[in-house]
>>> print(open('start.txt').read())   # compact mmCIF, C-alpha atoms
# COMPACT_ATOMS: atom_id res chain seq x y z
CA MET A 1 -8.54 -40.75 -3.21
CA ILE A 2 -7.24 -42.63 -0.18
CA ALA A 3 -9.80 -45.40 0.12
CA VAL A 4 -10.11 -49.11 0.82
CA ASN A 5 -12.98 -51.57 0.47
CA VAL A 6 -13.75 -52.98 3.93
CA ALA A 7 -16.61 -55.37 3.09
CA GLN A 8 -14.66 -58.45 4.19
CA LEU A 9 -13.43 -56.79 7.38
CA LEU A 10 -17.01 -55.81 8.29
CA LYS A 11 -17.99 -59.50 8.15
CA LEU A 12 -15.29 -60.49 10.65
CA PRO A 13 -15.54 -60.36 14.47
CA PRO A 14 -14.54 -57.25 16.47
CA GLY A 15 -10.80 -57.07 17.11
CA THR A 16 -9.82 -58.26 13.63
CA THR A 17 -7.22 -55.99 12.02
CA ARG A 18 -5.88 -55.13 8.59
CA ASP A 19 -3.14 -52.74 7.43
CA PHE A 20 -2.72 -50.90 4.16
CA GLU A 21 -0.26 -48.40 2.74
CA PHE A 22 -1.20 -45.51 0.52
CA ALA A 23 0.36 -42.92 -1.75
CA ASP A 24 -1.91 -40.32 -3.29
CA GLN A 25 -2.16 -36.69 -4.26
CA LEU A 26 -4.91 -35.00 -2.26
CA PRO A 27 -7.33 -33.12 -4.52
CA GLU A 28 -7.99 -29.44 -3.84
CA LEU A 29 -5.95 -29.17 -0.69
CA ASP A 30 -6.08 -25.37 -0.61
CA GLN A 31 -5.53 -22.59 -3.14
CA GLU A 32 -2.24 -21.56 -1.54
CA VAL A 33 -0.95 -25.04 -0.68
CA GLU A 34 0.47 -27.47 -3.20
CA LEU A 35 1.80 -30.95 -2.47
CA VAL A 36 5.20 -31.40 -4.07
CA ARG A 37 5.04 -35.21 -4.02
CA PRO A 38 2.21 -37.65 -3.37
CA LEU A 39 1.21 -38.00 0.26
CA THR A 40 2.38 -41.37 1.62
CA GLY A 41 1.27 -43.24 4.68
CA ARG A 42 0.00 -46.31 6.44
CA ALA A 43 -3.36 -47.10 8.00
CA HIS A 44 -4.19 -49.71 10.64
CA LEU A 45 -7.83 -50.83 10.53
CA MET A 46 -9.53 -52.64 13.40
CA ARG A 47 -13.06 -54.02 13.35
CA THR A 48 -15.15 -52.68 16.24
CA SER A 49 -18.68 -53.53 17.32
CA ARG A 50 -19.97 -50.39 15.54
CA GLY A 51 -17.68 -50.14 12.51
CA ILE A 52 -13.97 -49.80 11.83
CA PHE A 53 -11.41 -47.87 13.86
CA VAL A 54 -8.65 -46.42 11.69
CA ALA A 55 -5.30 -45.20 13.00
CA SER A 56 -3.25 -43.64 10.21
CA ARG A 57 0.12 -41.93 9.87
CA TYR A 58 1.19 -39.96 6.84
CA ARG A 59 3.96 -37.80 5.44
CA ALA A 60 3.73 -35.04 2.85
CA VAL A 61 5.84 -32.25 1.41
CA ALA A 62 3.91 -29.05 0.79
CA ARG A 63 4.95 -25.93 -1.11
CA LEU A 64 3.88 -22.68 0.55
CA LEU A 65 4.78 -19.03 0.08
CA CYS A 66 7.16 -17.54 2.65
CA GLY A 67 5.31 -15.09 4.89
CA ARG A 68 8.09 -12.49 4.56
CA CYS A 69 9.58 -12.65 1.06
CA VAL A 70 6.68 -14.43 -0.69
CA GLU A 71 9.03 -16.94 -2.33
CA PRO A 72 7.89 -20.57 -2.64
CA THR A 73 9.34 -22.86 0.03
CA GLU A 74 8.83 -26.52 0.92
CA PHE A 75 7.77 -27.97 4.28
CA GLU A 76 7.74 -31.61 5.35
CA ILE A 77 4.62 -32.46 7.29
CA GLU A 78 4.03 -35.59 9.34
CA GLY A 79 0.63 -36.30 10.76
CA SER A 80 -1.67 -38.91 12.16
CA SER A 81 -5.36 -39.44 12.70
CA ALA A 82 -7.47 -41.85 14.71
CA ASP A 83 -11.15 -42.12 13.87
CA GLU A 84 -13.95 -44.65 13.95
CA PHE A 85 -15.84 -45.07 10.68
CA ALA A 86 -19.38 -46.45 10.66
CA PRO A 87 -21.18 -48.27 7.86
CA THR A 88 -24.29 -46.79 6.23
CA VAL A 89 -25.64 -50.12 4.96
CA ASP A 90 -25.62 -53.67 6.32
CA VAL A 91 -22.78 -55.62 4.71
CA VAL A 92 -24.85 -58.81 4.38
CA THR A 93 -28.29 -57.52 3.36
CA GLY A 94 -27.40 -54.22 1.70
CA HIS A 95 -30.22 -52.44 3.58
CA ALA A 96 -29.67 -48.98 5.06
CA LEU A 97 -28.87 -49.03 8.77
CA GLU A 98 -31.02 -47.16 11.28
CA ASP A 99 -28.04 -45.62 13.05
CA GLN A 100 -26.31 -43.50 10.43
CA PRO A 101 -22.87 -41.94 11.06
CA GLU A 102 -22.90 -38.43 12.53
CA SER A 103 -20.46 -37.17 9.91
CA THR A 104 -20.26 -37.96 6.21
CA GLU A 105 -16.45 -37.91 6.46
CA LEU A 106 -16.64 -40.85 8.91
CA ALA A 107 -19.12 -42.92 6.89
CA ILE A 108 -18.41 -46.17 5.09
CA ASP A 109 -20.40 -45.83 1.87
CA GLU A 110 -22.98 -48.20 0.36
CA ARG A 111 -20.22 -49.98 -1.60
CA HIS A 112 -18.36 -50.56 1.73
CA VAL A 113 -15.57 -48.16 0.79
CA LEU A 114 -13.86 -46.39 3.67
CA ASP A 115 -12.45 -43.08 2.38
CA LEU A 116 -9.69 -41.41 4.42
CA THR A 117 -9.17 -38.52 2.00
CA GLU A 118 -11.14 -35.81 3.82
CA VAL A 119 -9.96 -36.83 7.30
CA ILE A 120 -6.31 -36.68 6.23
CA ARG A 121 -6.82 -33.46 4.24
CA GLN A 122 -8.30 -31.70 7.27
CA ASP A 123 -5.54 -32.99 9.56
CA LEU A 124 -2.84 -31.91 7.11
CA LEU A 125 -4.28 -28.39 6.85
CA THR A 126 -4.19 -28.01 10.65
CA ARG A 127 -0.50 -28.96 10.67
CA LEU A 128 0.63 -26.32 8.18
CA PRO A 129 2.67 -23.48 9.71
CA LEU A 130 0.68 -20.32 10.38
CA GLN A 131 3.58 -18.10 9.28
CA PRO A 132 5.68 -20.15 6.85
CA LEU A 133 9.25 -18.90 6.47
CA CYS A 134 11.81 -19.92 3.88
CA ARG A 135 14.42 -19.56 6.64
CA ALA A 136 14.30 -18.25 10.21
CA ASP A 137 16.30 -15.10 9.40
CA CYS A 138 14.46 -14.20 6.19
CA PRO A 139 14.65 -10.38 5.92
CA GLY A 140 11.50 -10.20 3.77
CA LEU A 141 10.58 -7.44 1.36
CA CYS A 142 11.38 -3.73 1.55
CA ALA A 143 8.26 -1.92 2.72
CA GLU A 144 8.90 0.94 0.30
CA CYS A 145 10.01 -0.60 -2.98
CA GLY A 146 9.18 -4.31 -2.56
CA GLN A 147 12.74 -5.54 -3.20
CA ASN A 148 13.40 -9.03 -1.80
CA LEU A 149 16.05 -8.17 0.79
CA GLY A 150 17.32 -11.75 0.81
CA GLU A 151 18.40 -11.36 -2.81
CA ALA A 152 19.75 -7.80 -2.88
CA ARG A 153 19.83 -4.55 -0.91
CA CYS A 154 17.53 -1.78 -1.99
CA ARG A 155 18.34 1.93 -2.28
CA CYS A 156 15.39 3.09 -0.20
CA GLY A 157 16.44 5.57 2.48
CA GLN A 158 19.76 6.18 0.70
CA GLU A 159 18.53 8.88 -1.63
CA THR A 160 19.44 12.42 -0.79
CA GLU A 161 16.75 14.87 0.13
CA ALA A 162 17.19 16.65 -3.21
CA GLU A 163 16.43 13.41 -5.09
CA SER A 164 13.26 12.79 -3.13
CA PRO A 165 9.93 13.70 -4.75
CA PHE A 166 9.00 15.21 -1.37
CA ALA A 167 11.98 17.61 -1.25
CA GLY A 168 9.78 20.66 -1.84
CA LEU A 169 7.39 19.64 0.94
CA ALA A 170 10.31 19.11 3.33
CA GLU A 171 11.60 22.62 2.55
CA LEU A 172 8.15 24.16 3.21
CA MET A 173 7.89 22.32 6.52
CA ARG A 174 11.36 23.56 7.57
CA ARG A 175 10.47 27.17 6.74
CA ASN A 176 7.17 26.91 8.58
CA ALA A 177 8.91 25.45 11.66
CA SER A 178 11.50 28.26 11.70
CA GLY A 179 8.82 30.94 11.42
CA GLN A 180 9.69 32.15 7.93
CA ALA A 181 6.85 33.03 5.66
CA SER A 182 6.20 30.67 2.85
CA PRO A 183 6.64 32.04 -0.69
CA GLU A 184 3.38 32.75 -2.48
>>> encode(input="start.txt", output="structure tokens")
Amino acid sequence: MIAVNVAQLLKLPPGTTRDFEFADQLPELDQEVELVRPLTGRAHLMRTSRGIFVASRYRAVARLLCGRCVEPTEFEIEGSSADEFAPTVDVVTGHALEDQPESTELAIDERHVLDLTEVIRQDLLTRLPLQPLCRADCPGLCAECGQNLGEARCRCGQETEAESPFAGLAELMRRNASGQASPE
């Protein structure tokens, strides 16, 4: 969880700033995406008249499956977010505020904890490549036998017609095309 208690910052005048660094593994990023190392980053917090504005930058290394050969491959991802978080309770009295945040992801909870986890998780997911490739010239898999063509050549298309399980069908089609009667 990438979170920080902002109770003291909420008591200070607008324009006051704080910085914090983080390193964390994001929980349940996606079924097909795995972070290889903890996500690291830095957040700059600034008190506003309504809450706290957070500008964050992060870096992560994700493991994805190549879209051609289906082998695991790693991608470095750098991202940033800029959002204003609003408190749900008054920092002095502890009473619920009338104006509640529009989004739960941008809410400062009743313990005055500002949680960046979901905001960064969503930003990271949008930065993942749509078609991840282990390398630009990845040949992928053979469409017939499934051999990874980056590791070895396959024998598909090299078999002689006599070796093919469809050799008899090919012979019937040739006879039919030449006008010969098919054997019964």
>>> closest_atom_pairs(input="start.txt", of="segment 24-115 of chain A", to="segment 3-17 of chain A", cutoff="8 Å", atoms="all atoms listed in the file", output="Markdown table")
| residue | atom | partner | partner_atom | distance |
| --- | --- | --- | --- | --- |
| A:His44 | CA | A:Thr17 | CA | 7.1 |
| A:Leu45 | CA | A:Thr17 | CA | 5.4 |
| A:Met46 | CA | A:Thr17 | CA | 4.3 |
| A:Arg47 | CA | A:Pro14 | CA | 4.7 |
| A:Thr48 | CA | A:Pro14 | CA | 4.6 |
| A:Ser49 | CA | A:Pro14 | CA | 5.6 |
| A:Gly51 | CA | A:Leu10 | CA | 7.1 |
| A:Ile52 | CA | A:Leu10 | CA | 7.6 |
| A:Val91 | CA | A:Ala7 | CA | 6.4 |
| A:Val92 | CA | A:Lys11 | CA | 7.9 |
| A:Arg111 | CA | A:Asn5 | CA | 7.7 |
| A:His112 | CA | A:Ala7 | CA | 5.3 |
| A:Val113 | CA | A:Asn5 | CA | 4.3 |
| A:Leu114 | CA | A:Val4 | CA | 5.4 |
| A:Asp115 | CA | A:Ala3 | CA | 4.2 |
>>> atom_distance(input="start.txt", atom1="atom CA of Val119 of chain A", atom2="atom CA of Ala96 of chain A")
23.3 Å
>>> residues_around(input="start.txt", residues="segment 63-65 of chain A", least_positions_apart="2", cutoff="7 Å", atoms="all atoms listed in the file", output="ChimeraX atom specification")
/A:32-36,61,67,70-75,132
>>> write_last_selection(input="start.txt", atoms="C-alpha atoms", output="PDB file, in the coordinates of the input")
ATOM      1  CA  GLU A  32      -2.240 -21.560  -1.540  1.00  0.00           C
ATOM      2  CA  VAL A  33      -0.950 -25.040  -0.680  1.00  0.00           C
ATOM      3  CA  GLU A  34       0.470 -27.470  -3.200  1.00  0.00           C
ATOM      4  CA  LEU A  35       1.800 -30.950  -2.470  1.00  0.00           C
ATOM      5  CA  VAL A  36       5.200 -31.400  -4.070  1.00  0.00           C
ATOM      6  CA  VAL A  61       5.840 -32.250   1.410  1.00  0.00           C
ATOM      7  CA  GLY A  67       5.310 -15.090   4.890  1.00  0.00           C
ATOM      8  CA  VAL A  70       6.680 -14.430  -0.690  1.00  0.00           C
ATOM      9  CA  GLU A  71       9.030 -16.940  -2.330  1.00  0.00           C
ATOM     10  CA  PRO A  72       7.890 -20.570  -2.640  1.00  0.00           C
ATOM     11  CA  THR A  73       9.340 -22.860   0.030  1.00  0.00           C
ATOM     12  CA  GLU A  74       8.830 -26.520   0.920  1.00  0.00           C
ATOM     13  CA  PHE A  75       7.770 -27.970   4.280  1.00  0.00           C
ATOM     14  CA  PRO A 132       5.680 -20.150   6.850  1.00  0.00           C
TER      15      PRO A 132
END
>>> closest_residue(input="start.txt", among="A:Asn176, A:Ser80, A:Thr93, A:Asn148", to="Asp123 of chain A", atoms="all atoms listed in the file")
A:Ser80
>>> axis_aligned_box(input="start.txt", around="segment 43-49 of chain A", padding_each_side="4 Å", output="AutoDock Vina command-line options")
--center_x -11.0 --center_y -50.6 --center_z 12.7 --size_x 23.3 --size_y 14.9 --size_z 17.3
>>> residues_around(input="start.txt", residues="Thr104 of chain A", least_positions_apart="5", cutoff="10 Å", atoms="all atoms listed in the file", output="list in words")
Phe85, Ala86, Thr88, Asp109 and Glu118 of chain A
>>> residues_around(input="start.txt", residues="Gly41 of chain A", least_positions_apart="2", cutoff="9 Å", atoms="all atoms listed in the file", output="list in words")
Phe20, Glu21, Phe22, Ala23, Leu39, Ala43, Ser56, Arg57, Tyr58, Arg59 and Ala60 of chain A
>>> write_last_selection(input="start.txt", atoms="C-alpha atoms", output="short mmCIF file (atom, residue, chain, number, x, y, z; two decimals), in the coordinates of the input")
data_model
loop_
_atom_site.label_atom_id
_atom_site.label_comp_id
_atom_site.auth_asym_id
_atom_site.auth_seq_id
_atom_site.Cartn_x
_atom_site.Cartn_y
_atom_site.Cartn_z
CA PHE A 20 -2.72 -50.90 4.16
CA GLU A 21 -0.26 -48.40 2.74
CA PHE A 22 -1.20 -45.51 0.52
CA ALA A 23 0.36 -42.92 -1.75
CA LEU A 39 1.21 -38.00 0.26
CA ALA A 43 -3.36 -47.10 8.00
CA SER A 56 -3.25 -43.64 10.21
CA ARG A 57 0.12 -41.93 9.87
CA TYR A 58 1.19 -39.96 6.84
CA ARG A 59 3.96 -37.80 5.44
CA ALA A 60 3.73 -35.04 2.85
#
>>> build_atoms(input="start.txt", residues="segment 51-73 of chain A", atoms="N, CA and C atoms", output="mmCIF file, in the frame of the given file")
data_model
loop_
_atom_site.group_PDB
_atom_site.id
_atom_site.type_symbol
_atom_site.label_atom_id
_atom_site.label_comp_id
_atom_site.auth_asym_id
_atom_site.auth_seq_id
_atom_site.Cartn_x
_atom_site.Cartn_y
_atom_site.Cartn_z
ATOM 1 N N GLY A 51 -18.232 -50.430 13.834
ATOM 2 C CA GLY A 51 -17.680 -50.140 12.510
ATOM 3 C C GLY A 51 -16.220 -50.513 12.438
ATOM 4 N N ILE A 52 -15.411 -49.566 11.979
ATOM 5 C CA ILE A 52 -13.970 -49.800 11.830
ATOM 6 C C ILE A 52 -13.212 -48.610 12.375
ATOM 7 N N PHE A 53 -12.292 -48.903 13.298
ATOM 8 C CA PHE A 53 -11.410 -47.870 13.860
ATOM 9 C C PHE A 53 -10.169 -47.810 12.975
ATOM 10 N N VAL A 54 -9.797 -46.607 12.581
ATOM 11 C CA VAL A 54 -8.650 -46.420 11.690
ATOM 12 C C VAL A 54 -7.636 -45.502 12.363
ATOM 13 N N ALA A 55 -6.419 -46.008 12.522
ATOM 14 C CA ALA A 55 -5.300 -45.200 13.000
ATOM 15 C C ALA A 55 -4.340 -45.061 11.819
ATOM 16 N N SER A 56 -4.111 -43.844 11.381
ATOM 17 C CA SER A 56 -3.250 -43.640 10.210
ATOM 18 C C SER A 56 -2.130 -42.659 10.520
ATOM 19 N N ARG A 57 -1.031 -42.841 9.814
ATOM 20 C CA ARG A 57 0.120 -41.930 9.870
ATOM 21 C C ARG A 57 0.475 -41.607 8.430
ATOM 22 N N TYR A 58 0.864 -40.354 8.206
ATOM 23 C CA TYR A 58 1.190 -39.960 6.840
ATOM 24 C C TYR A 58 2.333 -38.957 6.839
ATOM 25 N N ARG A 59 2.879 -38.765 5.651
ATOM 26 C CA ARG A 59 3.960 -37.800 5.440
ATOM 27 C C ARG A 59 3.701 -37.115 4.101
ATOM 28 N N ALA A 60 3.933 -35.814 4.076
ATOM 29 C CA ALA A 60 3.730 -35.040 2.850
ATOM 30 C C ALA A 60 4.746 -33.911 2.800
ATOM 31 N N VAL A 61 5.012 -33.435 1.614
ATOM 32 C CA VAL A 61 5.840 -32.250 1.410
ATOM 33 C C VAL A 61 4.985 -31.230 0.688
ATOM 34 N N ALA A 62 4.769 -30.097 1.344
ATOM 35 C CA ALA A 62 3.910 -29.050 0.790
ATOM 36 C C ALA A 62 4.738 -27.839 0.396
ATOM 37 N N ARG A 63 4.321 -27.176 -0.671
ATOM 38 C CA ARG A 63 4.950 -25.930 -1.110
ATOM 39 C C ARG A 63 4.036 -24.784 -0.697
ATOM 40 N N LEU A 64 4.605 -23.857 0.081
ATOM 41 C CA LEU A 64 3.880 -22.680 0.550
ATOM 42 C C LEU A 64 4.684 -21.444 0.206
ATOM 43 N N LEU A 65 4.066 -20.290 0.295
ATOM 44 C CA LEU A 65 4.780 -19.030 0.080
ATOM 45 C C LEU A 65 5.294 -18.534 1.426
ATOM 46 N N CYS A 66 6.553 -18.094 1.444
ATOM 47 C CA CYS A 66 7.160 -17.540 2.650
ATOM 48 C C CYS A 66 6.345 -16.312 3.077
ATOM 49 N N GLY A 67 6.093 -16.192 4.364
ATOM 50 C CA GLY A 67 5.310 -15.090 4.890
ATOM 51 C C GLY A 67 6.025 -13.754 4.875
ATOM 52 N N ARG A 68 7.320 -13.747 4.590
ATOM 53 C CA ARG A 68 8.090 -12.490 4.560
ATOM 54 C C ARG A 68 8.491 -12.082 3.142
ATOM 55 N N CYS A 69 9.080 -13.010 2.397
ATOM 56 C CA CYS A 69 9.580 -12.650 1.060
ATOM 57 C C CYS A 69 8.682 -13.152 -0.070
ATOM 58 N N VAL A 70 7.671 -13.917 0.244
ATOM 59 C CA VAL A 70 6.680 -14.430 -0.690
ATOM 60 C C VAL A 70 7.305 -15.346 -1.758
ATOM 61 N N GLU A 71 8.413 -15.971 -1.441
ATOM 62 C CA GLU A 71 9.030 -16.940 -2.330
ATOM 63 C C GLU A 71 8.516 -18.331 -1.972
ATOM 64 N N PRO A 72 8.343 -19.221 -2.950
ATOM 65 C CA PRO A 72 7.890 -20.570 -2.640
ATOM 66 C C PRO A 72 8.927 -21.318 -1.798
ATOM 67 N N THR A 73 8.450 -22.070 -0.819
ATOM 68 C CA THR A 73 9.340 -22.860 0.030
ATOM 69 C C THR A 73 8.632 -24.153 0.398
#
